[in-house]
>>> print(open('input.pdb').read())   # PDB, C-alpha atoms, pLDDT in the B column
ATOM      1  CA  MET A   1     176.854  82.486 128.060  1.00 59.00           C
ATOM      2  CA  GLY A   2     178.428  83.358 124.728  1.00 73.00           C
ATOM      3  CA  ARG A   3     175.575  84.995 122.823  1.00 80.00           C
ATOM      4  CA  PRO A   4     173.388  87.883 123.962  1.00 85.00           C
ATOM      5  CA  HIS A   5     169.906  86.894 125.095  1.00 90.00           C
ATOM      6  CA  PRO A   6     166.741  88.286 123.529  1.00 92.00           C
ATOM      7  CA  ARG A   7     165.237  91.343 125.197  1.00 94.00           C
ATOM      8  CA  VAL A   8     161.641  91.289 126.412  1.00 95.00           C
ATOM      9  CA  ALA A   9     159.953  94.216 124.645  1.00 94.00           C
ATOM     10  CA  LYS A  10     156.429  93.524 125.841  1.00 96.00           C
ATOM     11  CA  ARG A  11     154.785  91.072 128.269  1.00 97.00           C
ATOM     12  CA  ALA A  12     151.140  90.080 128.633  1.00 97.00           C
ATOM     13  CA  THR A  13     149.670  87.907 131.366  1.00 97.00           C
ATOM     14  CA  LEU A  14     147.293  85.350 129.869  1.00 97.00           C
ATOM     15  CA  TYR A  15     146.399  83.470 133.072  1.00 97.00           C
ATOM     16  CA  GLU A  16     147.115  83.723 136.800  1.00 96.00           C
ATOM     17  CA  GLY A  17     146.517  80.939 139.292  1.00 92.00           C
ATOM     18  CA  PRO A  18     148.849  78.412 140.910  1.00 90.00           C
ATOM     19  CA  PHE A  19     151.135  79.272 138.005  1.00 93.00           C
ATOM     20  CA  THR A  20     151.167  82.170 135.522  1.00 96.00           C
ATOM     21  CA  VAL A  21     150.999  81.930 131.726  1.00 97.00           C
ATOM     22  CA  LEU A  22     152.811  84.796 130.022  1.00 97.00           C
ATOM     23  CA  LEU A  23     153.204  85.922 126.427  1.00 97.00           C
ATOM     24  CA  ASP A  24     156.460  87.754 125.755  1.00 96.00           C
ATOM     25  CA  GLU A  25     157.375  89.744 122.668  1.00 97.00           C
ATOM     26  CA  LEU A  26     161.115  89.265 122.211  1.00 95.00           C
ATOM     27  CA  ARG A  27     163.654  91.257 120.223  1.00 95.00           C
ATOM     28  CA  ASP A  28     166.893  89.656 119.169  1.00 90.00           C
ATOM     29  CA  ALA A  29     169.360  90.974 116.545  1.00 86.00           C
ATOM     30  CA  GLY A  30     166.642  92.708 114.547  1.00 86.00           C
ATOM     31  CA  ARG A  31     164.101  89.896 114.870  1.00 94.00           C
ATOM     32  CA  ILE A  32     160.802  90.212 116.726  1.00 95.00           C
ATOM     33  CA  TYR A  33     158.969  87.084 117.830  1.00 95.00           C
ATOM     34  CA  SER A  34     156.661  85.821 120.580  1.00 96.00           C
ATOM     35  CA  ARG A  35     156.986  83.114 123.202  1.00 96.00           C
ATOM     36  CA  ALA A  36     154.280  81.870 125.547  1.00 97.00           C
ATOM     37  CA  TRP A  37     155.630  80.367 128.744  1.00 97.00           C
ATOM     38  CA  VAL A  38     154.666  79.288 132.241  1.00 96.00           C
ATOM     39  CA  ARG A  39     156.107  80.949 135.346  1.00 96.00           C
ATOM     40  CA  HIS A  40     155.924  78.290 138.062  1.00 96.00           C
ATOM     41  CA  PRO A  41     157.033  78.411 141.721  1.00 95.00           C
ATOM     42  CA  GLY A  42     158.622  74.958 141.527  1.00 96.00           C
ATOM     43  CA  ALA A  43     157.611  71.579 142.888  1.00 97.00           C
ATOM     44  CA  VAL A  44     158.866  68.740 145.032  1.00 98.00           C
ATOM     45  CA  VAL A  45     158.950  65.070 144.051  1.00 98.00           C
ATOM     46  CA  LEU A  46     159.308  62.522 146.831  1.00 98.00           C
ATOM     47  CA  VAL A  47     160.607  58.979 146.798  1.00 98.00           C
ATOM     48  CA  PRO A  48     159.111  57.803 150.119  1.00 98.00           C
ATOM     49  CA  LEU A  49     160.601  54.562 151.405  1.00 98.00           C
ATOM     50  CA  ILE A  50     159.269  52.208 154.046  1.00 97.00           C
ATOM     51  CA  GLY A  51     161.862  49.476 154.326  1.00 96.00           C
ATOM     52  CA  ASP A  52     162.297  48.076 150.809  1.00 97.00           C
ATOM     53  CA  ASP A  53     158.958  49.519 149.628  1.00 98.00           C
ATOM     54  CA  VAL A  54     158.097  52.803 147.956  1.00 98.00           C
ATOM     55  CA  LEU A  55     154.817  54.685 148.248  1.00 98.00           C
ATOM     56  CA  LEU A  56     153.206  55.837 145.012  1.00 98.00           C
ATOM     57  CA  VAL A  57     149.881  57.529 144.351  1.00 97.00           C
ATOM     58  CA  ARG A  58     147.359  56.762 141.643  1.00 96.00           C
ATOM     59  CA  GLN A  59     145.223  59.693 140.576  1.00 94.00           C
ATOM     60  CA  TYR A  60     143.210  60.912 137.637  1.00 94.00           C
ATOM     61  CA  ARG A  61     144.998  63.548 135.550  1.00 93.00           C
ATOM     62  CA  HIS A  62     142.592  65.531 133.431  1.00 92.00           C
ATOM     63  CA  ALA A  63     145.189  66.519 130.810  1.00 93.00           C
ATOM     64  CA  THR A  64     145.875  62.841 130.050  1.00 94.00           C
ATOM     65  CA  GLY A  65     142.303  61.615 130.467  1.00 95.00           C
ATOM     66  CA  GLN A  66     143.453  58.727 132.641  1.00 95.00           C
ATOM     67  CA  GLU A  67     144.701  57.652 136.030  1.00 95.00           C
ATOM     68  CA  ILE A  68     148.466  57.888 136.404  1.00 95.00           C
ATOM     69  CA  LEU A  69     150.764  56.122 138.873  1.00 97.00           C
ATOM     70  CA  GLU A  70     153.077  58.760 140.334  1.00 97.00           C
ATOM     71  CA  LEU A  71     155.453  59.554 143.126  1.00 98.00           C
ATOM     72  CA  PRO A  72     153.936  61.981 145.642  1.00 98.00           C
ATOM     73  CA  ALA A  73     154.639  65.532 144.476  1.00 97.00           C
ATOM     74  CA  GLY A  74     153.360  69.043 144.848  1.00 95.00           C
ATOM     75  CA  THR A  75     153.779  72.710 144.132  1.00 95.00           C
ATOM     76  CA  CYS A  76     155.849  74.960 146.377  1.00 96.00           C
ATOM     77  CA  GLU A  77     153.977  77.735 148.131  1.00 92.00           C
ATOM     78  CA  PRO A  78     155.492  81.232 147.779  1.00 87.00           C
ATOM     79  CA  GLY A  79     158.212  81.676 150.398  1.00 90.00           C
ATOM     80  CA  GLU A  80     157.947  78.069 151.624  1.00 93.00           C
ATOM     81  CA  PRO A  81     161.300  76.238 151.845  1.00 96.00           C
ATOM     82  CA  VAL A  82     161.332  73.184 149.582  1.00 97.00           C
ATOM     83  CA  GLU A  83     161.966  70.861 152.555  1.00 97.00           C
ATOM     84  CA  GLU A  84     158.763  72.140 154.180  1.00 97.00           C
ATOM     85  CA  THR A  85     156.876  71.634 150.923  1.00 97.00           C
ATOM     86  CA  ALA A  86     158.199  68.068 150.808  1.00 97.00           C
ATOM     87  CA  ARG A  87     157.051  67.325 154.361  1.00 97.00           C
ATOM     88  CA  ARG A  88     153.636  68.918 153.784  1.00 96.00           C
ATOM     89  CA  GLU A  89     152.995  67.126 150.499  1.00 96.00           C
ATOM     90  CA  LEU A  90     153.849  63.699 151.877  1.00 96.00           C
ATOM     91  CA  GLN A  91     151.519  64.268 154.832  1.00 96.00           C
ATOM     92  CA  GLU A  92     148.714  65.461 152.532  1.00 94.00           C
ATOM     93  CA  GLU A  93     149.062  62.739 149.901  1.00 95.00           C
ATOM     94  CA  CYS A  94     150.230  59.673 151.852  1.00 95.00           C
ATOM     95  CA  GLY A  95     149.663  60.396 155.551  1.00 95.00           C
ATOM     96  CA  TYR A  96     153.328  60.233 156.557  1.00 97.00           C
ATOM     97  CA  LEU A  97     155.856  62.726 157.893  1.00 97.00           C
ATOM     98  CA  PRO A  98     159.414  62.083 156.694  1.00 97.00           C
ATOM     99  CA  ARG A  99     161.963  62.491 159.496  1.00 96.00           C
ATOM    100  CA  ALA A 100     164.817  62.225 156.976  1.00 97.00           C
ATOM    101  CA  LEU A 101     164.892  64.010 153.615  1.00 98.00           C
ATOM    102  CA  ARG A 102     167.846  63.584 151.286  1.00 98.00           C
ATOM    103  CA  PRO A 103     168.089  65.791 148.201  1.00 98.00           C
ATOM    104  CA  LEU A 104     168.564  63.745 145.031  1.00 98.00           C
ATOM    105  CA  LEU A 105     168.375  66.218 142.130  1.00 97.00           C
ATOM    106  CA  GLN A 106     167.035  69.553 140.916  1.00 98.00           C
ATOM    107  CA  ALA A 107     165.922  69.652 137.297  1.00 97.00           C
ATOM    108  CA  TYR A 108     163.686  71.730 135.034  1.00 98.00           C
ATOM    109  CA  ALA A 109     160.391  70.017 134.224  1.00 96.00           C
ATOM    110  CA  ALA A 110     160.017  71.378 130.676  1.00 96.00           C
ATOM    111  CA  PRO A 111     162.430  74.279 129.995  1.00 96.00           C
ATOM    112  CA  GLY A 112     161.057  74.877 126.504  1.00 95.00           C
ATOM    113  CA  TYR A 113     157.949  76.503 127.961  1.00 96.00           C
ATOM    114  CA  SER A 114     158.143  76.486 131.774  1.00 97.00           C
ATOM    115  CA  SER A 115     160.350  77.786 134.589  1.00 97.00           C
ATOM    116  CA  GLU A 116     159.209  74.936 136.883  1.00 97.00           C
ATOM    117  CA  ILE A 117     162.026  73.198 138.751  1.00 97.00           C
ATOM    118  CA  TYR A 118     161.534  69.790 140.325  1.00 98.00           C
ATOM    119  CA  HIS A 119     163.273  69.236 143.673  1.00 98.00           C
ATOM    120  CA  PHE A 120     163.657  65.464 144.105  1.00 98.00           C
ATOM    121  CA  PHE A 121     163.999  64.052 147.633  1.00 98.00           C
ATOM    122  CA  LEU A 122     164.468  60.616 149.132  1.00 98.00           C
ATOM    123  CA  ALA A 123     162.053  60.501 152.090  1.00 98.00           C
ATOM    124  CA  GLU A 124     162.851  58.045 154.869  1.00 98.00           C
ATOM    125  CA  GLU A 125     162.050  57.381 158.517  1.00 97.00           C
ATOM    126  CA  LEU A 126     158.354  57.866 157.828  1.00 97.00           C
ATOM    127  CA  GLU A 127     155.927  58.192 160.696  1.00 96.00           C
ATOM    128  CA  PRO A 128     152.145  58.414 160.425  1.00 95.00           C
ATOM    129  CA  SER A 129     151.000  62.046 160.280  1.00 92.00           C
ATOM    130  CA  THR A 130     148.125  63.342 158.170  1.00 85.00           C
ATOM    131  CA  LEU A 131     147.279  66.770 156.831  1.00 80.00           C
ATOM    132  CA  PRO A 132     144.126  67.490 154.796  1.00 76.00           C
ATOM    133  CA  GLY A 133     144.756  67.062 151.077  1.00 67.00           C
ATOM    134  CA  ASP A 134     143.665  69.324 148.242  1.00 66.00           C
ATOM    135  CA  GLU A 135     139.908  69.181 147.720  1.00 67.00           C
ATOM    136  CA  ASP A 136     140.252  68.329 144.020  1.00 67.00           C
ATOM    137  CA  GLU A 137     142.519  65.314 144.616  1.00 68.00           C
ATOM    138  CA  ASP A 138     141.222  61.758 144.767  1.00 84.00           C
ATOM    139  CA  ILE A 139     144.329  59.751 145.580  1.00 92.00           C
ATOM    140  CA  GLU A 140     144.852  56.020 146.016  1.00 95.00           C
ATOM    141  CA  ILE A 141     148.084  55.093 147.807  1.00 96.00           C
ATOM    142  CA  VAL A 142     149.961  52.215 146.154  1.00 97.00           C
ATOM    143  CA  ARG A 143     152.747  50.478 148.061  1.00 98.00           C
ATOM    144  CA  MET A 144     155.129  48.209 146.176  1.00 98.00           C
ATOM    145  CA  SER A 145     158.719  47.121 146.382  1.00 98.00           C
ATOM    146  CA  LEU A 146     161.165  49.731 145.174  1.00 98.00           C
ATOM    147  CA  ARG A 147     162.725  47.098 142.911  1.00 98.00           C
ATOM    148  CA  GLU A 148     159.377  46.371 141.230  1.00 98.00           C
ATOM    149  CA  ALA A 149     158.709  50.092 140.728  1.00 98.00           C
ATOM    150  CA  GLN A 150     162.194  50.609 139.277  1.00 98.00           C
ATOM    151  CA  ASP A 151     161.707  47.609 136.976  1.00 97.00           C
ATOM    152  CA  ARG A 152     158.414  49.109 135.777  1.00 96.00           C
ATOM    153  CA  ALA A 153     160.199  52.408 135.073  1.00 96.00           C
ATOM    154  CA  HIS A 154     162.920  50.582 133.089  1.00 95.00           C
ATOM    155  CA  ARG A 155     160.258  48.746 131.058  1.00 96.00           C
ATOM    156  CA  GLY A 156     158.472  52.009 130.215  1.00 94.00           C
ATOM    157  CA  GLU A 157     155.383  51.111 132.262  1.00 94.00           C
ATOM    158  CA  ILE A 158     155.585  54.334 134.300  1.00 95.00           C
ATOM    159  CA  GLY A 159     154.178  57.051 132.017  1.00 92.00           C
ATOM    160  CA  ASP A 160     155.005  60.007 134.254  1.00 96.00           C
ATOM    161  CA  ALA A 161     158.531  61.291 133.568  1.00 96.00           C
ATOM    162  CA  LYS A 162     159.161  62.756 137.030  1.00 98.00           C
ATOM    163  CA  THR A 163     158.144  59.459 138.613  1.00 98.00           C
ATOM    164  CA  ALA A 164     160.337  57.358 136.342  1.00 97.00           C
ATOM    165  CA  LEU A 165     163.292  59.659 136.997  1.00 97.00           C
ATOM    166  CA  GLY A 166     162.696  59.739 140.752  1.00 98.00           C
ATOM    167  CA  LEU A 167     162.493  55.941 140.936  1.00 98.00           C
ATOM    168  CA  LEU A 168     165.668  55.537 138.909  1.00 96.00           C
ATOM    169  CA  LEU A 169     167.489  58.015 141.182  1.00 96.00           C
ATOM    170  CA  ALA A 170     166.638  56.011 144.306  1.00 96.00           C
ATOM    171  CA  PRO A 171     169.366  53.799 145.755  1.00 90.00           C
TER     172      PRO A 171
END
>>> encode(input="input.pdb", output="structure tokens")
Amino acid sequence: MGRPHPRVAKRATLYEGPFTVLLDELRDAGRIYSRAWVRHPGAVVLVPLIGDDVLLVRQYRHATGQEILELPAGTCEPGEPVEETARRELQEECGYLPRALRPLLQAYAAPGYSSEIYHFFLAEELEPSTLPGDEDEDIEIVRMSLREAQDRAHRGEIGDAKTALGLLLAP
């Protein structure tokens, strides 16, 4: 925008997997400094509705050391349209195929250190359809009224930010 951006003088790859961790040496107006950051292909977050109910998943998250109640979500595969990722993830995690997907929002997950963008969708007209899930996932499906889930988000009882935001975006 108004000011010139720092120039990447050197880049090192620290980790490669489903995402990449990079260390950049930046030069900006005579200053030299480093930034570690995550290059991520993006993810989908689904608000799946069955009538007045929403489907959530409870799963253990190693980084937190606890089980977390979340909206179904997942990482985009390279070259996969986000709508296809959304359909695939809901089939893998909840056993439903959404016939109607409505985009709600696109937002950076944590722009201070990651390029990951969340693509939020309202998923409706669900029909049973299962795909095998990831082998490292142990998911419990939790169905509750959308109103109750939204109330929990408002009270701060939903600890996952993408889930709280997705629930509060739902009509």
>>> closest_atom_pairs(input="input.pdb", of="segment 48-106 of chain A", to="segment 135-152 of chain A", cutoff="12 Å", atoms="only C-alpha atoms", output="tab-separated table")
residue	atom	partner	partner_atom	distance
A:Pro48	CA	A:Leu146	CA	9.7
A:Leu49	CA	A:Leu146	CA	7.9
A:Ile50	CA	A:Arg143	CA	9.0
A:Gly51	CA	A:Ser145	CA	8.9
A:Asp52	CA	A:Ser145	CA	5.8
A:Asp53	CA	A:Ser145	CA	4.0
A:Val54	CA	A:Leu146	CA	5.2
A:Leu55	CA	A:Arg143	CA	4.7
A:Leu56	CA	A:Val142	CA	5.0
A:Val57	CA	A:Ile141	CA	4.6
A:Arg58	CA	A:Glu140	CA	5.1
A:Gln59	CA	A:Ile139	CA	5.1
A:Tyr60	CA	A:Asp138	CA	7.5
A:Arg61	CA	A:Glu137	CA	9.6
A:His62	CA	A:Glu137	CA	11.2
A:Glu67	CA	A:Ile139	CA	9.8
A:Ile68	CA	A:Ile139	CA	10.2
A:Leu69	CA	A:Val142	CA	8.3
A:Glu70	CA	A:Val142	CA	9.3
A:Leu71	CA	A:Val142	CA	9.7
A:Pro72	CA	A:Ile141	CA	9.3
A:Ala73	CA	A:Ile139	CA	11.9
A:Gly74	CA	A:Glu137	CA	11.5
A:Leu90	CA	A:Ile141	CA	11.1
A:Glu92	CA	A:Ile139	CA	10.0
A:Glu93	CA	A:Ile139	CA	7.1
A:Cys94	CA	A:Ile141	CA	6.5
A:Gly95	CA	A:Ile141	CA	9.5
A:Tyr96	CA	A:Ile141	CA	11.4
>>> closest_residue(input="input.pdb", among="A:Ala9, A:Phe121, A:Cys76, A:Ser114", to="Pro98 of chain A", atoms="all atoms listed in the file")
A:Phe121
>>> closest_residue(input="input.pdb", among="A:Val8, A:Ile32, A:Ala161, A:Ala123", to="Ala110 of chain A", atoms="all atoms listed in the file")
A:Ala161
>>> atom_distance(input="input.pdb", atom1="atom CA of Pro132 of chain A", atom2="atom CA of Val45 of chain A")
18.5 Å
>>> resolve_selection(input="input.pdb", expression="the PyMOL selection byres ((chain A and resi 44) around 12)", output="ChimeraX atom specification")
/A:41-43,45-47,71-77,80-90,101,103-109,116-123,162-163,166
>>> atom_distance(input="input.pdb", atom1="atom CA of Thr20 of chain A", atom2="atom CA of Pro78 of chain A")
13.0 Å
>>> atom_distance(input="input.pdb", atom1="atom CA of Pro128 of chain A", atom2="atom CA of Leu167 of chain A")
22.2 Å
>>> closest_residue(input="input.pdb", among="A:Arg11, A:Trp37, A:His154, A:Thr130", to="Pro111 of chain A", atoms="all atoms listed in the file")
A:Trp37
>>> closest_residue(input="input.pdb", among="A:Arg155, A:Ala29, A:Ala164, A:Ala36", to="Arg7 of chain A", atoms="all atoms listed in the file")
A:Ala29
>>> closest_residue(input="input.pdb", among="A:Pro171, A:Gly65, A:Gly159, A:Pro6", to="Asp24 of chain A", atoms="all atoms listed in the file")
A:Pro6
>>> resolve_selection(input="input.pdb", expression="the PyMOL selection byres ((chain A and resi 38) around 7)", output="list in words")
Phe19, Thr20, Val21, Leu22, Trp37, Arg39, His40, Tyr113, Ser114 and Ser115 of chain A
>>> write_last_selection(input="input.pdb", atoms="C-alpha atoms", output="tab-separated table (two decimals), in the coordinates of the input")
chain	number	residue	atom	x	y	z
A	19	PHE	CA	151.14	79.27	138.00
A	20	THR	CA	151.17	82.17	135.52
A	21	VAL	CA	151.00	81.93	131.73
A	22	LEU	CA	152.81	84.80	130.02
A	37	TRP	CA	155.63	80.37	128.74
A	39	ARG	CA	156.11	80.95	135.35
A	40	HIS	CA	155.92	78.29	138.06
A	113	TYR	CA	157.95	76.50	127.96
A	114	SER	CA	158.14	76.49	131.77
A	115	SER	CA	160.35	77.79	134.59
>>> closest_residue(input="input.pdb", among="A:Gly17, A:Arg102, A:Lys10, A:Thr64", to="Leu169 of chain A", atoms="only C-alpha atoms")
A:Arg102
